[in-house]
Amino acid sequence: MKKLIFLFCFTTALSAKTYAANEDLVNLGLVSQLVELKYVSEASSAKIITDTARTKQQKDSALANYNEVRIRIDRIIYQMIADMRERNSVKIYMRLNKYYSTHSLSETEGSKENIKSYVLAFRELYSTYKRNINRDESKLLKELITPAIVLSIVDTGWTILKGVKERQGKKVDGISEMLDNLRLNPPPDLAKAKK
């Protein structure tokens, strides 16, 4: 598990650098897609919020859009954590990860009934993200993926790795902590991260 998470973090960091070169990220599963959504949402919103040339209305609008995406992702992650803990099983996560290794968050085709509600929620999340945050993908990502973002991805990876190591043998807790680290940061942290 430790090697798998390290490999994921390393691959994600390399993929982010590749993505900045205007190439598509390789879909590795649910977590890789949520990492992309997290960092693009945070970086693009922070850029607008901290831009002194922007009006208060533009900043408020960016913050409202960010919060809408944040609420949707929190709803899904918290429910997934609650369901896994209630059943003391990581099957939900494993099924979703398997499904999303061959599908994007915008897709619902081919999903089995036991994950259908999550797949629909992820589609709504992705739709909100595309509408509110990531409108001009081609130029946005070149500007946003910086060495600081890549280091932040690696830092999050180490946090996940440390948490999983501390909970060795407790799969539900390890997956829950990993998912919790994929939630969007609170709005006050956006301005701090940009400085």
# chains A, B, ... in the order shown; residues from 1 in each chain; ligands from 1
>>> residues_around(residues="A:Tyr78", least_positions_apart="4", cutoff="9 Å", atoms="only C-alpha atoms", output="list in words")
Ile73, Asp74, Ala82, Asp83, Ser176, Leu179 and Asp180 of chain A
>>> residues_around(residues="A:Met80", least_positions_apart="3", cutoff="8 Å", atoms="only C-alpha atoms", output="VMD selection string")
chain A and resid 76 to 77 83 to 84 92 to 93
>>> residues_around(residues="A:Ser117", least_positions_apart="3", cutoff="12 Å", atoms="only C-alpha atoms", output="short mmCIF file (atom, residue, chain, number, x, y, z; two decimals) with C-alpha atoms, in the first residue's frame")
data_model
loop_
_atom_site.label_atom_id
_atom_site.label_comp_id
_atom_site.auth_asym_id
_atom_site.auth_seq_id
_atom_site.Cartn_x
_atom_site.Cartn_y
_atom_site.Cartn_z
CA ILE A 76 -19.71 13.09 -1.83
CA GLN A 79 -21.04 10.35 2.46
CA MET A 80 -18.52 7.89 1.04
CA ILE A 92 -17.54 1.40 -2.37
CA LEU A 96 -15.69 3.59 -7.82
CA THR A 108 -22.32 7.65 -16.17
CA SER A 111 -21.95 2.12 -13.99
CA LYS A 112 -23.42 -0.64 -11.88
CA GLU A 113 -26.45 -0.07 -9.71
CA ASN A 114 -24.45 -0.33 -6.45
CA LEU A 120 -24.46 10.65 -10.71
CA ALA A 121 -23.17 12.86 -7.87
CA PHE A 122 -19.67 12.90 -9.40
CA ARG A 123 -21.16 13.88 -12.77
CA GLU A 124 -22.99 16.80 -11.11
#
>>> residues_around(residues="stretch 32-47 of chain A", least_positions_apart="5", cutoff="6 Å", atoms="only C-alpha atoms", output="compact mmCIF listing (two decimals) with C-alpha atoms, in the first residue's frame")
# COMPACT_ATOMS: atom_id res chain seq x y z
CA LEU A 184 -10.95 21.53 -1.31
CA LEU A 190 -6.71 30.20 -0.87
CA ALA A 191 -5.22 33.64 -0.34
>>> closest_residue(among="A:Ala62, A:Arg54, A:Asn27, A:Ile115", to="A:Arg131", atoms="only C-alpha atoms")
A:Ala62
>>> closest_residue(among="A:Asn65, A:Ser89, A:Ser127, A:Thr52", to="A:Leu105", atoms="only C-alpha atoms")
A:Ser127
>>> atom_distance(atom1="atom CA of A:Val172", atom2="atom CA of A:Val90")
5.7 Å
>>> select_by_dssp(residues="stretch 66-108 of chain A", states="helix (DSSP H, G or I)", output="MDAnalysis selection string")
chainID A and resid 66:87 91:100
>>> closest_residue(among="A:Lys130, A:Glu86, A:Ala64, A:Thr50", to="A:Lys192", atoms="only C-alpha atoms")
A:Thr50
>>> closest_residue(among="A:Tyr126, A:Arg85, A:Asp189, A:Arg95", to="A:Gly174", atoms="only C-alpha atoms")
A:Arg85
>>> atom_distance(atom1="atom CA of A:Lys91", atom2="atom CA of A:Val119")
14.6 Å
>>> atom_distance(atom1="atom CA of A:Ile48", atom2="atom CA of A:Arg183")
19.9 Å
